[in-house]
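Let me begin by presenting the structure, written as structure tokens, before commenting on it.
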Amino acid sequence: GKLVRAMIDALPNNVKLFENSSLIKWKKTNDFISCYFKNGIIKTKKIIFATNGFLKSLGIKTSYNFPITLTASMTRALTDKEFESIGEPKEWGVLPVRPMGATIRMTKDRRILIRNTAEVFNPYQMSKSELTKRSLKQKIGIKKRFPELPDDIIQSSWSGIVSRTRNSSQIFEKI
């Protein structure tokens, strides 16, 4: 959103940001790090790898973490009638007690956001049909809590990767 855009716009001129650029492999030779991407190579003396669940695929800390695929869905904005039918709540969010349990939120703009799937799933193989299956689970989750809402309320669904470690800590260090 706006905050991320502001942070990107504030980057100094000596910092370059490449979004949506999957790192295929990397190697260190003398003082230089070569990073290989689908569309090119970057050679540099310093780099920050923000890899999340993909450390293992880059040969870094291979037995420390693993990727978890999370899938979420968001409804369209509720109509006045739909919003009234669920009690006109203020913005709220429910977080799980269990580490990978469901989360659900009511946003300021009257949308319901739900994430009720967390799985070890190859992140490179999430097909449209697989995403649709997970979206159906979210529709069921919304309908269980809000049966008065229509079946076609979900506007978008997406999946993403987070990293889990054995001790639930972050991996942030110089390699």
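By convention here, the chains of the structure tokens are called A, B, ... in the order presented, each chain's residues are numbered starting at 1, and ligands are numbered starting at 1 in the order presented.
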Could you find all residues in region 3-163 of chain A that DSSP calls alpha helix (DSSP H) from the backbone, and write them as a ChimeraX atom specification?
/A:3-9,80-85,128-145
Export of prior selection with C-alpha atoms as a CSV table (one decimal), in the first residue's frame:
chain,number,residue,atom,x,y,z
A,3,LEU,CA,3.4,2.8,3.3
A,4,VAL,CA,5.4,0.3,1.2
A,5,ARG,CA,5.4,2.8,-1.7
A,6,ALA,CA,6.7,5.5,0.6
A,7,MET,CA,9.5,3.2,1.9
A,8,ILE,CA,10.5,2.3,-1.7
A,9,ASP,CA,10.5,5.9,-2.7
A,80,ASP,CA,-25.3,-1.9,3.7
A,81,LYS,CA,-27.9,-4.7,4.1
A,82,GLU,CA,-25.2,-7.4,4.5
A,83,PHE,CA,-23.3,-5.3,7.0
A,84,GLU,CA,-26.4,-4.7,9.0
A,85,SER,CA,-27.2,-8.4,9.0
A,128,LYS,CA,-5.4,-22.2,-10.4
A,129,SER,CA,-7.5,-25.3,-9.5
A,130,GLU,CA,-5.5,-25.9,-6.3
A,131,LEU,CA,-6.0,-22.2,-5.3
A,132,THR,CA,-9.8,-22.6,-6.1
A,133,LYS,CA,-9.9,-25.7,-3.7
A,134,ARG,CA,-8.5,-23.6,-0.9
A,135,SER,CA,-10.7,-20.7,-1.6
A,136,LEU,CA,-13.7,-23.1,-1.2
A,137,LYS,CA,-12.4,-23.9,2.3
A,138,GLN,CA,-12.4,-20.2,3.1
A,139,LYS,CA,-15.9,-19.8,1.7
A,140,ILE,CA,-17.1,-22.6,4.0
A,141,GLY,CA,-15.3,-20.9,6.9
A,142,ILE,CA,-17.1,-17.6,6.2
A,143,LYS,CA,-20.5,-19.3,5.8
A,144,LYS,CA,-20.1,-21.1,9.1
A,145,ARG,CA,-19.6,-17.8,11.0
Find the residues around region 34-50 of chain A up to 7 Å (only C-alpha atoms counted), leave out those fewer than 4 positions away in its own chain, and share them as a PDB file with all heavy atoms, in the first residue's frame.
ATOM      1  N   SER A  21      11.701 -11.066  -8.418  1.00  0.00           N
ATOM      2  CA  SER A  21      12.865 -11.584  -9.130  1.00  0.00           C
ATOM      3  C   SER A  21      13.383 -12.801  -8.377  1.00  0.00           C
ATOM      4  O   SER A  21      14.107 -12.669  -7.395  1.00  0.00           O
ATOM      5  CB  SER A  21      13.970 -10.518  -9.206  1.00  0.00           C
ATOM      6  OG  SER A  21      13.511  -9.367  -9.860  1.00  0.00           O
ATOM      7  N   SER A  22      12.998 -13.959  -8.823  1.00  0.00           N
ATOM      8  CA  SER A  22      13.397 -15.186  -8.127  1.00  0.00           C
ATOM      9  C   SER A  22      14.876 -15.470  -8.324  1.00  0.00           C
ATOM     10  O   SER A  22      15.357 -15.559  -9.453  1.00  0.00           O
ATOM     11  CB  SER A  22      12.588 -16.378  -8.639  1.00  0.00           C
ATOM     12  OG  SER A  22      11.227 -16.186  -8.357  1.00  0.00           O
ATOM     13  N   LEU A  23      15.579 -15.614  -7.221  1.00  0.00           N
ATOM     14  CA  LEU A  23      16.995 -15.949  -7.240  1.00  0.00           C
ATOM     15  C   LEU A  23      17.120 -17.447  -7.505  1.00  0.00           C
ATOM     16  O   LEU A  23      16.578 -18.268  -6.772  1.00  0.00           O
ATOM     17  CB  LEU A  23      17.629 -15.582  -5.895  1.00  0.00           C
ATOM     18  CG  LEU A  23      19.104 -15.880  -5.704  1.00  0.00           C
ATOM     19  CD1 LEU A  23      19.955 -15.143  -6.728  1.00  0.00           C
ATOM     20  CD2 LEU A  23      19.521 -15.494  -4.295  1.00  0.00           C
ATOM     21  N   ILE A  24      17.814 -17.813  -8.568  1.00  0.00           N
ATOM     22  CA  ILE A  24      17.955 -19.216  -8.953  1.00  0.00           C
ATOM     23  C   ILE A  24      19.126 -19.860  -8.212  1.00  0.00           C
ATOM     24  O   ILE A  24      19.012 -20.951  -7.675  1.00  0.00           O
ATOM     25  CB  ILE A  24      18.134 -19.348 -10.481  1.00  0.00           C
ATOM     26  CG1 ILE A  24      16.884 -18.808 -11.190  1.00  0.00           C
ATOM     27  CG2 ILE A  24      18.419 -20.787 -10.877  1.00  0.00           C
ATOM     28  CD1 ILE A  24      17.050 -18.602 -12.678  1.00  0.00           C
ATOM     29  N   LYS A  25      20.266 -19.167  -8.195  1.00  0.00           N
ATOM     30  CA  LYS A  25      21.428 -19.656  -7.448  1.00  0.00           C
ATOM     31  C   LYS A  25      22.353 -18.476  -7.188  1.00  0.00           C
ATOM     32  O   LYS A  25      22.229 -17.420  -7.790  1.00  0.00           O
ATOM     33  CB  LYS A  25      22.145 -20.786  -8.180  1.00  0.00           C
ATOM     34  CG  LYS A  25      22.896 -20.375  -9.426  1.00  0.00           C
ATOM     35  CD  LYS A  25      23.636 -21.546 -10.032  1.00  0.00           C
ATOM     36  CE  LYS A  25      24.482 -21.056 -11.214  1.00  0.00           C
ATOM     37  NZ  LYS A  25      25.346 -22.086 -11.726  1.00  0.00           N
ATOM     38  N   TRP A  26      23.290 -18.695  -6.282  1.00  0.00           N
ATOM     39  CA  TRP A  26      24.275 -17.670  -5.964  1.00  0.00           C
ATOM     40  C   TRP A  26      25.585 -18.330  -5.614  1.00  0.00           C
ATOM     41  O   TRP A  26      25.623 -19.499  -5.259  1.00  0.00           O
ATOM     42  CB  TRP A  26      23.788 -16.787  -4.810  1.00  0.00           C
ATOM     43  CG  TRP A  26      23.752 -17.511  -3.496  1.00  0.00           C
ATOM     44  CD1 TRP A  26      22.807 -18.401  -3.079  1.00  0.00           C
ATOM     45  CD2 TRP A  26      24.721 -17.430  -2.450  1.00  0.00           C
ATOM     46  NE1 TRP A  26      23.113 -18.861  -1.837  1.00  0.00           N
ATOM     47  CE2 TRP A  26      24.285 -18.285  -1.413  1.00  0.00           C
ATOM     48  CE3 TRP A  26      25.900 -16.725  -2.270  1.00  0.00           C
ATOM     49  CZ2 TRP A  26      24.996 -18.459  -0.237  1.00  0.00           C
ATOM     50  CZ3 TRP A  26      26.611 -16.879  -1.091  1.00  0.00           C
ATOM     51  CH2 TRP A  26      26.142 -17.746  -0.094  1.00  0.00           C
ATOM     52  N   LYS A  27      26.670 -17.592  -5.781  1.00  0.00           N
ATOM     53  CA  LYS A  27      27.966 -18.114  -5.359  1.00  0.00           C
ATOM     54  C   LYS A  27      28.860 -16.944  -4.983  1.00  0.00           C
ATOM     55  O   LYS A  27      28.724 -15.834  -5.508  1.00  0.00           O
ATOM     56  CB  LYS A  27      28.604 -18.982  -6.433  1.00  0.00           C
ATOM     57  CG  LYS A  27      29.086 -18.262  -7.672  1.00  0.00           C
ATOM     58  CD  LYS A  27      29.732 -19.231  -8.644  1.00  0.00           C
ATOM     59  CE  LYS A  27      30.205 -18.470  -9.887  1.00  0.00           C
ATOM     60  NZ  LYS A  27      30.833 -19.337 -10.849  1.00  0.00           N
ATOM     61  N   LYS A  28      29.762 -17.209  -4.052  1.00  0.00           N
ATOM     62  CA  LYS A  28      30.712 -16.195  -3.606  1.00  0.00           C
ATOM     63  C   LYS A  28      32.085 -16.567  -4.149  1.00  0.00           C
ATOM     64  O   LYS A  28      32.546 -17.684  -3.977  1.00  0.00           O
ATOM     65  CB  LYS A  28      30.725 -16.119  -2.084  1.00  0.00           C
ATOM     66  CG  LYS A  28      31.540 -14.965  -1.560  1.00  0.00           C
ATOM     67  CD  LYS A  28      31.364 -14.784  -0.065  1.00  0.00           C
ATOM     68  CE  LYS A  28      32.142 -13.556   0.373  1.00  0.00           C
ATOM     69  NZ  LYS A  28      32.019 -13.304   1.800  1.00  0.00           N
TER      70      LYS A  28
END
Fewer than 2 positions away in the same chain doesn't count, so skip those; otherwise give me all residues within 12 Å of Gln170 (chain A), counting only C-alpha atoms, as number ranges by chain.
A: 50-53, 55, 61, 64-66, 162-168, 172-173
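Between CA of Ala118 (chain A) and CA of Met100 (chain A) the separation is 6.0 Å.
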Who sits within 9 Å of Thr107 (chain A), only C-alpha atoms, same chain under 4 positions skipped, as a count of residues only:
7
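Interatomic distance, CA of Ile68 (chain A) to CA of Gly160 (chain A): 8.3 Å.
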Write out as number ranges by chain the residues lying within 8 Å of Ser73 (chain A), counting only C-alpha atoms and excluding same-chain residues fewer than 4 positions away.
A: 113-115, 135, 138, 154-158
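Comparing A:Ala77, A:Arg105, A:Asn30, A:Ser57 by their smallest distance to Leu149 (chain A), the closest is A:Ala77 (using only C-alpha atoms).
Between CA of Phe32 (chain A) and CA of Ala10 (chain A) lies a distance of 26.7 Å.
Each of A:Asp31, A:Glu148, A:Asp109, A:Glu119 was checked against Ile86 (chain A) using only C-alpha atoms; the smallest atom-to-atom distance is that of A:Glu148.
Among the candidates A:Thr103, A:Ile175, A:Arg110, A:Asn14, the one nearest to Ala72 (chain A) when counting only C-alpha atoms is A:Thr103.
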